[in-house]
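Structure data (mmCIF, C-alpha atoms) from entry.cif:
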```
data_model
#
loop_
_atom_site.group_PDB
_atom_site.id
_atom_site.type_symbol
_atom_site.label_atom_id
_atom_site.label_comp_id
_atom_site.auth_asym_id
_atom_site.auth_seq_id
_atom_site.Cartn_x
_atom_site.Cartn_y
_atom_site.Cartn_z
ATOM 1 C CA MET I 2 0.000 0.000 0.000
ATOM 2 C CA ASN I 3 1.054 3.586 -0.649
ATOM 3 C CA TYR I 4 0.577 6.360 1.896
ATOM 4 C CA GLY I 5 0.790 10.111 2.065
ATOM 5 C CA ILE I 6 0.671 12.871 4.659
ATOM 6 C CA SER I 7 -0.506 16.464 4.667
ATOM 7 C CA ASN I 8 2.237 19.085 4.934
ATOM 8 C CA LEU I 9 -0.356 21.793 4.215
ATOM 9 C CA SER I 10 -2.667 23.505 6.686
ATOM 10 C CA ILE I 11 -5.777 22.112 5.020
ATOM 11 C CA ILE I 12 -6.415 19.736 2.125
ATOM 12 C CA PRO I 13 -10.008 19.655 0.860
ATOM 13 C CA VAL I 14 -11.361 16.164 0.220
ATOM 14 C CA ARG I 15 -13.999 15.993 -2.517
ATOM 15 C CA LYS I 16 -16.717 13.502 -3.345
ATOM 16 C CA GLU I 17 -15.627 13.272 -6.979
ATOM 17 C CA PRO I 18 -12.308 14.088 -8.724
ATOM 18 C CA SER I 19 -13.264 17.656 -9.622
ATOM 19 C CA GLU I 20 -12.838 21.101 -8.075
ATOM 20 C CA ARG I 21 -16.568 21.543 -8.666
ATOM 21 C CA SER I 22 -17.457 18.508 -6.581
ATOM 22 C CA GLU I 23 -18.696 19.003 -3.033
ATOM 23 C CA MET I 24 -16.166 18.951 -0.223
ATOM 24 C CA VAL I 25 -16.918 16.048 2.120
ATOM 25 C CA THR I 26 -14.160 16.627 4.677
ATOM 26 C CA GLN I 27 -10.717 18.141 5.158
ATOM 27 C CA ILE I 28 -7.288 16.720 5.967
ATOM 28 C CA LEU I 29 -5.390 18.842 8.484
ATOM 29 C CA PHE I 30 -1.634 19.179 8.761
ATOM 30 C CA GLY I 31 0.085 16.010 9.929
ATOM 31 C CA GLU I 32 -2.810 13.640 9.227
ATOM 32 C CA HIS I 33 -1.875 10.730 6.991
ATOM 33 C CA PHE I 34 -3.839 8.608 4.568
ATOM 34 C CA GLU I 35 -3.785 5.569 2.339
ATOM 35 C CA ILE I 36 -3.531 6.198 -1.407
ATOM 36 C CA ARG I 37 -6.130 3.990 -3.079
ATOM 37 C CA GLU I 38 -6.432 5.130 -6.687
ATOM 38 C CA LYS I 39 -4.843 7.648 -9.033
ATOM 39 C CA MET I 40 -6.034 9.440 -12.117
ATOM 40 C CA VAL I 41 -4.822 12.533 -13.958
ATOM 41 C CA GLY I 42 -4.443 15.267 -11.359
ATOM 42 C CA TRP I 43 -6.436 13.482 -8.656
ATOM 43 C CA THR I 44 -5.878 10.826 -6.018
ATOM 44 C CA ASN I 45 -8.454 8.828 -4.092
ATOM 45 C CA VAL I 46 -7.468 8.501 -0.427
ATOM 46 C CA LYS I 47 -8.681 6.900 2.780
ATOM 47 C CA LEU I 48 -7.881 8.845 5.941
ATOM 48 C CA GLU I 49 -6.175 6.803 8.630
ATOM 49 C CA TYR I 50 -7.758 8.860 11.423
ATOM 50 C CA ASP I 51 -11.404 8.128 10.666
ATOM 51 C CA GLY I 52 -11.517 5.938 7.552
ATOM 52 C CA TYR I 53 -13.161 8.657 5.442
ATOM 53 C CA GLU I 54 -12.625 8.401 1.688
ATOM 54 C CA GLY I 55 -12.557 10.948 -1.097
ATOM 55 C CA TRP I 56 -10.521 12.677 -3.790
ATOM 56 C CA ILE I 57 -7.717 15.189 -3.300
ATOM 57 C CA ASP I 58 -5.526 17.215 -5.648
ATOM 58 C CA SER I 59 -2.445 15.061 -6.306
ATOM 59 C CA LYS I 60 -0.157 18.098 -5.989
ATOM 60 C CA MET I 61 -1.072 18.353 -2.293
ATOM 61 C CA ILE I 62 0.371 14.957 -1.330
ATOM 62 C CA THR I 63 3.643 14.404 0.522
ATOM 63 C CA PRO I 64 4.520 10.702 0.055
ATOM 64 C CA LEU I 65 5.197 8.471 3.053
ATOM 65 C CA ASN I 66 7.497 5.496 2.629
ATOM 66 C CA ALA I 67 7.124 2.387 4.794
ATOM 67 C CA ARG I 68 9.819 3.474 7.249
ATOM 68 C CA ALA I 69 8.315 6.939 7.758
ATOM 69 C CA LEU I 70 4.855 5.428 8.182
ATOM 70 C CA ARG I 71 6.075 3.012 10.857
ATOM 71 C CA LYS I 72 7.791 5.826 12.713
ATOM 72 C CA ILE I 73 4.654 7.982 12.684
ATOM 73 C CA GLU I 74 2.422 5.132 13.812
ATOM 74 C CA SER I 75 4.773 3.932 16.565
ATOM 75 C CA THR I 76 5.644 7.262 18.188
ATOM 76 C CA PRO I 77 3.524 9.787 20.116
ATOM 77 C CA THR I 78 1.572 12.515 18.396
ATOM 78 C CA ALA I 79 0.408 15.856 19.697
ATOM 79 C CA VAL I 80 -2.376 18.190 18.641
ATOM 80 C CA THR I 81 -2.338 21.979 18.319
ATOM 81 C CA SER I 82 -4.880 23.777 20.477
ATOM 82 C CA ASP I 83 -4.487 27.441 19.489
ATOM 83 C CA ILE I 84 -6.880 28.646 16.799
ATOM 84 C CA ILE I 85 -3.824 29.430 14.674
ATOM 85 C CA THR I 86 -0.253 28.291 15.314
ATOM 86 C CA ILE I 87 2.580 29.828 13.317
ATOM 87 C CA VAL I 88 5.523 27.424 13.012
ATOM 88 C CA PRO I 89 8.752 28.645 11.365
ATOM 89 C CA GLU I 90 9.725 26.457 8.421
ATOM 90 C CA ASN I 91 12.883 28.380 7.539
ATOM 91 C CA ASP I 92 14.136 31.970 7.690
ATOM 92 C CA GLU I 93 11.617 33.090 5.096
ATOM 93 C CA GLN I 94 8.602 30.786 5.412
ATOM 94 C CA ASN I 95 6.151 29.695 8.071
ATOM 95 C CA LEU I 96 3.588 26.951 8.491
ATOM 96 C CA MET I 97 0.122 28.147 9.504
ATOM 97 C CA LEU I 98 -1.579 25.375 11.456
ATOM 98 C CA VAL I 99 -5.224 25.435 12.498
ATOM 99 C CA ALA I 100 -6.465 24.057 15.802
ATOM 100 C CA GLY I 101 -6.593 20.277 15.848
ATOM 101 C CA SER I 102 -3.615 19.797 13.538
ATOM 102 C CA THR I 103 -1.486 16.733 14.189
ATOM 103 C CA LEU I 104 2.187 17.048 15.149
ATOM 104 C CA PRO I 105 3.663 13.662 14.163
ATOM 105 C CA VAL I 106 6.641 12.021 15.870
ATOM 106 C CA TRP I 107 6.225 14.328 18.859
ATOM 107 C CA ARG I 108 9.247 14.875 21.102
ATOM 108 C CA PRO I 109 7.836 16.737 24.121
ATOM 109 C CA TYR I 110 11.133 17.603 25.835
ATOM 110 C CA LEU I 111 12.441 19.226 22.660
ATOM 111 C CA LYS I 112 9.003 20.475 21.549
ATOM 112 C CA GLN I 113 9.792 19.086 18.102
ATOM 113 C CA PHE I 114 7.758 17.178 15.540
ATOM 114 C CA SER I 115 8.610 15.702 12.169
ATOM 115 C CA ILE I 116 7.255 14.838 8.760
ATOM 116 C CA PRO I 117 9.457 13.226 6.061
ATOM 117 C CA LYS I 118 12.750 15.088 5.660
ATOM 118 C CA LYS I 119 11.644 17.955 7.907
ATOM 119 C CA THR I 120 11.748 18.642 11.635
ATOM 120 C CA PHE I 121 9.988 21.595 13.209
ATOM 121 C CA LEU I 122 10.065 23.393 16.551
ATOM 122 C CA ALA I 123 6.536 23.671 17.915
ATOM 123 C CA THR I 124 5.147 27.016 19.029
ATOM 124 C CA GLY I 125 1.967 27.820 20.904
ATOM 125 C CA GLU I 126 -0.120 25.469 23.016
ATOM 126 C CA VAL I 127 0.083 21.746 22.327
ATOM 127 C CA ILE I 128 -2.053 18.954 23.805
ATOM 128 C CA TYR I 129 -0.614 15.474 24.237
ATOM 129 C CA GLY I 130 -0.690 12.540 26.602
ATOM 130 C CA LYS I 131 -3.353 11.644 29.139
ATOM 131 C CA LEU I 132 -5.358 14.639 30.378
ATOM 132 C CA LYS I 133 -6.299 15.172 34.014
ATOM 133 C CA ASP I 134 -9.617 16.810 33.134
ATOM 134 C CA PRO I 135 -10.643 16.040 29.529
ATOM 135 C CA ARG I 136 -14.119 17.541 30.003
ATOM 136 C CA LYS I 137 -12.680 20.902 31.003
ATOM 137 C CA VAL I 138 -10.267 20.829 28.063
ATOM 138 C CA ALA I 139 -13.094 19.913 25.666
ATOM 139 C CA ILE I 140 -15.207 22.880 26.757
ATOM 140 C CA THR I 141 -12.260 25.291 26.768
ATOM 141 C CA GLN I 142 -11.415 24.286 23.213
ATOM 142 C CA ALA I 143 -15.028 24.277 22.023
ATOM 143 C CA LEU I 144 -15.579 27.847 23.217
ATOM 144 C CA LYS I 145 -12.612 28.999 21.111
ATOM 145 C CA TYR I 146 -14.682 28.166 18.018
ATOM 146 C CA PHE I 147 -17.545 30.482 19.019
ATOM 147 C CA ASN I 148 -18.874 32.268 15.884
ATOM 148 C CA ALA I 149 -16.853 30.082 13.507
ATOM 149 C CA PRO I 150 -18.908 29.904 10.285
ATOM 150 C CA TYR I 151 -20.681 26.705 9.275
ATOM 151 C CA LEU I 152 -19.098 24.936 6.309
ATOM 152 C CA TRP I 153 -20.216 21.577 4.964
ATOM 153 C CA GLY I 154 -17.223 19.231 5.218
ATOM 154 C CA GLY I 155 -15.228 21.737 7.284
ATOM 155 C CA ARG I 156 -13.004 20.851 10.235
ATOM 156 C CA THR I 157 -11.345 24.213 10.978
ATOM 157 C CA PRO I 158 -12.132 27.421 12.912
ATOM 158 C CA PHE I 159 -12.617 29.144 9.545
ATOM 159 C CA GLY I 160 -15.419 26.810 8.501
ATOM 160 C CA ILE I 161 -16.770 23.741 10.247
ATOM 161 C CA ASP I 162 -19.820 21.481 10.248
ATOM 162 C CA CYS I 163 -21.542 19.981 13.260
ATOM 163 C CA SER I 164 -19.812 16.584 13.264
ATOM 164 C CA GLY I 165 -16.481 18.070 12.210
ATOM 165 C CA PHE I 166 -16.735 20.278 15.290
ATOM 166 C CA THR I 167 -17.344 17.406 17.687
ATOM 167 C CA GLN I 168 -14.704 15.252 16.009
ATOM 168 C CA ILE I 169 -11.978 17.900 16.278
ATOM 169 C CA ILE I 170 -12.791 18.775 19.892
ATOM 170 C CA TYR I 171 -12.656 15.104 20.845
ATOM 171 C CA LYS I 172 -9.430 14.694 18.870
ATOM 172 C CA MET I 173 -7.896 17.304 21.172
ATOM 173 C CA ILE I 174 -8.752 15.219 24.231
ATOM 174 C CA GLY I 175 -7.425 12.028 22.702
ATOM 175 C CA ILE I 176 -10.696 10.365 21.699
ATOM 176 C CA LYS I 177 -11.276 9.306 18.095
ATOM 177 C CA LEU I 178 -14.751 9.921 16.711
ATOM 178 C CA PRO I 179 -16.039 8.908 13.271
ATOM 179 C CA ARG I 180 -16.491 11.780 10.821
ATOM 180 C CA ASP I 181 -20.300 11.752 10.575
ATOM 181 C CA ALA I 182 -22.895 12.255 13.310
ATOM 182 C CA SER I 183 -24.724 9.104 12.158
ATOM 183 C CA LYS I 184 -21.612 7.099 13.093
ATOM 184 C CA GLN I 185 -20.656 9.082 16.183
ATOM 185 C CA VAL I 186 -24.024 8.228 17.733
ATOM 186 C CA THR I 187 -23.080 4.532 17.823
ATOM 187 C CA LEU I 188 -20.420 5.209 20.479
ATOM 188 C CA GLY I 189 -20.759 5.684 24.218
ATOM 189 C CA ARG I 190 -23.539 5.126 26.733
ATOM 190 C CA ALA I 191 -26.997 6.582 26.247
ATOM 191 C CA MET I 192 -28.472 8.777 28.977
ATOM 192 C CA SER I 193 -32.123 8.741 29.965
ATOM 193 C CA PHE I 194 -32.412 12.312 31.203
ATOM 194 C CA VAL I 195 -30.932 15.670 30.259
ATOM 195 C CA ASP I 196 -29.938 16.215 33.876
ATOM 196 C CA GLU I 197 -27.510 13.282 33.606
ATOM 197 C CA ALA I 198 -25.396 15.112 31.040
ATOM 198 C CA GLU I 199 -22.012 16.528 31.967
ATOM 199 C CA PRO I 200 -19.925 19.133 30.127
ATOM 200 C CA GLY I 201 -18.395 17.504 27.071
ATOM 201 C CA ASP I 202 -21.127 14.902 26.533
ATOM 202 C CA LEU I 203 -22.685 14.729 23.070
ATOM 203 C CA ALA I 204 -26.318 15.248 22.102
ATOM 204 C CA PHE I 205 -27.706 13.897 18.821
ATOM 205 C CA PHE I 206 -30.751 15.065 16.875
ATOM 206 C CA ASP I 207 -32.812 13.434 14.132
ATOM 207 C CA ASN I 208 -35.169 14.406 11.324
ATOM 208 C CA ASP I 209 -38.723 13.283 10.637
ATOM 209 C CA GLU I 210 -37.422 10.065 9.056
ATOM 210 C CA GLY I 211 -35.467 9.202 12.196
ATOM 211 C CA ASN I 212 -32.040 9.829 10.653
ATOM 212 C CA ILE I 213 -29.361 11.453 12.812
ATOM 213 C CA VAL I 214 -28.657 14.815 11.193
ATOM 214 C CA HIS I 215 -27.049 16.946 13.909
ATOM 215 C CA VAL I 216 -24.744 16.731 16.923
ATOM 216 C CA GLY I 217 -23.541 19.166 19.558
ATOM 217 C CA ILE I 218 -21.517 19.340 22.782
ATOM 218 C CA ILE I 219 -23.184 19.844 26.142
ATOM 219 C CA TRP I 220 -21.666 22.908 27.803
ATOM 220 C CA LYS I 221 -23.436 23.098 31.123
ATOM 221 C CA ARG I 222 -26.951 22.550 32.428
ATOM 222 C CA ASN I 223 -29.418 23.038 29.541
ATOM 223 C CA LYS I 224 -26.798 24.669 27.271
ATOM 224 C CA ILE I 225 -25.264 23.247 24.100
ATOM 225 C CA ILE I 226 -22.418 24.349 21.818
ATOM 226 C CA HIS I 227 -23.016 23.359 18.216
ATOM 227 C CA ALA I 228 -22.390 24.365 14.601
ATOM 228 C CA SER I 229 -25.587 25.587 12.986
ATOM 229 C CA GLY I 230 -25.035 28.577 10.713
ATOM 230 C CA GLN I 231 -22.109 29.257 12.988
ATOM 231 C CA VAL I 232 -20.723 27.752 16.164
ATOM 232 C CA ARG I 233 -23.175 29.023 18.762
ATOM 233 C CA ILE I 234 -24.612 28.391 22.193
ATOM 234 C CA ASP I 235 -28.294 27.554 22.543
ATOM 235 C CA ASN I 236 -30.646 26.058 25.104
ATOM 236 C CA VAL I 237 -31.247 22.315 25.076
ATOM 237 C CA ASP I 238 -33.798 20.096 26.806
ATOM 238 C CA GLN I 239 -35.511 16.732 26.305
ATOM 239 C CA PHE I 240 -37.337 18.105 23.260
ATOM 240 C CA GLY I 241 -34.286 19.422 21.443
ATOM 241 C CA ILE I 242 -32.366 22.624 20.737
ATOM 242 C CA PHE I 243 -34.160 25.883 21.427
ATOM 243 C CA ASN I 244 -32.625 28.724 19.415
ATOM 244 C CA VAL I 245 -32.192 31.735 21.698
ATOM 245 C CA ASP I 246 -32.367 34.198 18.791
ATOM 246 C CA THR I 247 -35.492 32.924 17.025
ATOM 247 C CA ASN I 248 -37.229 31.586 20.153
ATOM 248 C CA ARG I 249 -38.103 28.280 18.538
ATOM 249 C CA TYR I 250 -36.945 24.684 18.475
ATOM 250 C CA THR I 251 -34.613 23.972 15.561
ATOM 251 C CA HIS I 252 -33.450 20.390 16.197
ATOM 252 C CA LYS I 253 -35.342 17.414 17.640
ATOM 253 C CA MET I 254 -33.584 15.475 20.407
ATOM 254 C CA ARG I 255 -32.849 11.818 19.704
ATOM 255 C CA VAL I 256 -30.316 10.756 22.324
ATOM 256 C CA MET I 257 -27.471 11.980 24.512
ATOM 257 C CA LYS I 258 -24.317 9.898 24.751
ATOM 258 C CA LYS I 259 -21.579 9.765 27.374
ATOM 259 C CA ILE I 260 -18.342 8.941 25.569
ATOM 260 C CA ILE I 261 -15.804 10.515 27.941
ATOM 261 C CA GLN I 262 -15.336 8.084 30.795
ATOM 262 C CA PRO I 263 -14.079 8.984 34.293
ATOM 263 C CA ASN I 264 -10.518 8.057 33.334
ATOM 264 C CA GLY I 265 -10.695 10.255 30.237
ATOM 265 C CA THR I 266 -11.001 7.458 27.677
ATOM 266 C CA ASN I 267 -13.838 6.404 25.415
#
```
Would you kindly transcribe this structure into structure tokens?
Amino acid sequence: MNYGISNLSIIPVRKEPSERSEMVTQILFGEHFEIREKMVGWTNVKLEYDGYEGWIDSKMITPLNARALRKIESTPTAVTSDIITIVPENDEQNLMLVAGSTLPVWRPYLKQFSIPKKTFLATGEVIYGKLKDPRKVAITQALKYFNAPYLWGGRTPFGIDCSGFTQIIYKMIGIKLPRDASKQVTLGRAMSFVDEAEPGDLAFFDNDEGNIVHVGIIWKRNKIIHASGQVRIDNVDQFGIFNVDTNRYTHKMRVMKKIIQPNGTN
């Protein structure tokens, strides 16, 4: 198998091999992927982080050989937590990393990370290792995205969708979530009452056909942080999300799930 890694801030992943095709997700810096198929100008990839598949511009790929892949997969990684992290690449150029970017082959005592043929000195806040209070970290990070615009397929503070938001926040606390809300809902333990929810728990919402179409993060009692038009805070109860601006329910509650366990794992 052939693999690649992103050495760019963001790589858009499209449904079909065309710039006009819808974006289904994004690959952030340091995330790697399996190369499955090639055609002129385009490559079909499968992301190692969540198994998502799609097409990316072939020019955006940094190849990974077997040795580099083994090193990445066998050594610790870290995740950026600042909305933007500027990392010097050389005297004239910088990397601009968005929150939730992966820092492969992390060396915490040196604050260094590496991709093939390049080693960088990390700047800004970095999250790695087991967290003492993952719920607090999840909420702190989620609030940084307040007012970030909604973008279908987005996973960054400059455009994000509802499940991309929950996935990235959970990535920062060391818990892998699938890309889509319909898959995220299969994880964790269901809660019977809204009052059982703790900060960082997830709430899922369905449509009239019973399909899961939305997800958000419980902030505190009867409050939810979610991406709908923008990342916002609304009221939530057993009926669903009550929009504080329009004074109406916008999403119908299906289930709340507890994925963060007392020891911080899923």
Find the spatial neighbours of Thr141 in chain I, counting only C-alpha atoms, within a cut-off of 10 Å - ignore same-chain residues fewer than 5 positions away - and output them as number ranges by chain.
I: 82, 135-136, 146, 170, 201, 220
Please, what distance in Å, to one decimal, runs between CA of Ala143 in chain I and CA of Asp162 in chain I?
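Taking CA of Ala143 in chain I as the start and CA of Asp162 in chain I as the end point, the length is 13.0 Å.
When CA of Leu70 in chain I is paired with CA of Phe121 in chain I, their separation reads 17.7 Å.
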For this file, the PyMOL selection byres ((chain I and resi 140) around 12) selects which residues, as a ChimeraX atom specification?
/I:134-139,141-147,166-167,170-171,173-174,199-203,217-221,224-227,234
Each residue of range 56-101 of chain I with at least one atom at most 12 Å from range 35-41 of chain I should appear once, together with its nearest atom pair and the corresponding distance in Å (one decimal); atoms considered: only C-alpha atoms; ordering: chain, then increasing residue number; output as JSON lines.
```
{"residue": "I:Trp56", "atom": "CA", "partner": "I:Glu38", "partner_atom": "CA", "distance": 9.1}
{"residue": "I:Ile57", "atom": "CA", "partner": "I:Lys39", "partner_atom": "CA", "distance": 9.9}
{"residue": "I:Asp58", "atom": "CA", "partner": "I:Val41", "partner_atom": "CA", "distance": 9.6}
{"residue": "I:Ser59", "atom": "CA", "partner": "I:Lys39", "partner_atom": "CA", "distance": 8.3}
{"residue": "I:Lys60", "atom": "CA", "partner": "I:Val41", "partner_atom": "CA", "distance": 10.8}
{"residue": "I:Ile62", "atom": "CA", "partner": "I:Ile36", "partner_atom": "CA", "distance": 9.6}
{"residue": "I:Thr63", "atom": "CA", "partner": "I:Ile36", "partner_atom": "CA", "distance": 11.1}
{"residue": "I:Pro64", "atom": "CA", "partner": "I:Ile36", "partner_atom": "CA", "distance": 9.3}
{"residue": "I:Leu65", "atom": "CA", "partner": "I:Glu35", "partner_atom": "CA", "distance": 9.5}
{"residue": "I:Asn66", "atom": "CA", "partner": "I:Glu35", "partner_atom": "CA", "distance": 11.3}
{"residue": "I:Ala67", "atom": "CA", "partner": "I:Glu35", "partner_atom": "CA", "distance": 11.6}
{"residue": "I:Leu70", "atom": "CA", "partner": "I:Glu35", "partner_atom": "CA", "distance": 10.4}
```
May I have the selected residues written with C-alpha atoms, as a PDB file, keeping the file's coordinate frame?
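Output contents, as saved in result_26.pdb:
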```
ATOM      1  CA  TRP I  56     -10.521  12.677  -3.790  1.00  0.00           C
ATOM      2  CA  ILE I  57      -7.717  15.189  -3.300  1.00  0.00           C
ATOM      3  CA  ASP I  58      -5.526  17.215  -5.648  1.00  0.00           C
ATOM      4  CA  SER I  59      -2.445  15.061  -6.306  1.00  0.00           C
ATOM      5  CA  LYS I  60      -0.157  18.098  -5.989  1.00  0.00           C
ATOM      6  CA  ILE I  62       0.371  14.957  -1.330  1.00  0.00           C
ATOM      7  CA  THR I  63       3.643  14.404   0.522  1.00  0.00           C
ATOM      8  CA  PRO I  64       4.520  10.702   0.055  1.00  0.00           C
ATOM      9  CA  LEU I  65       5.197   8.471   3.053  1.00  0.00           C
ATOM     10  CA  ASN I  66       7.497   5.496   2.629  1.00  0.00           C
ATOM     11  CA  ALA I  67       7.124   2.387   4.794  1.00  0.00           C
ATOM     12  CA  LEU I  70       4.855   5.428   8.182  1.00  0.00           C
TER      13      LEU I  70
END
```
The PyMOL selection byres ((chain I and resi 247-254) around 9) - which residues does that actually catch in the file I just gave you? List them as a list of chain:residue names.
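Evaluating the PyMOL selection byres ((chain I and resi 247-254) around 9) on this file yields I:Ala204, I:Phe205, I:Phe206, I:Asp207, I:Asn208, I:Asp209, I:Val214, I:His215, I:Val237, I:Asp238, I:Gln239, I:Phe240, I:Gly241, I:Ile242, I:Phe243, I:Asn244, I:Val245, I:Asp246, I:Arg255, I:Val256, I:Met257.
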Using only C-alpha atoms, can you tell me which of I:Val195, I:Val14, I:Leu48, I:Ala69 comes closest to Pro179 in chain I?
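For Pro179 in chain I, the nearest of the candidates is I:Leu48.
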Could you tell me, as a ChimeraX atom specification, exactly which residues end up selected when the PyMOL selection byres ((chain I and resi 95-109) around 9) is applied to this structure?
/I:8-11,28-32,72-94,110-116,123,127,129,142,156-159,169-170,172-173
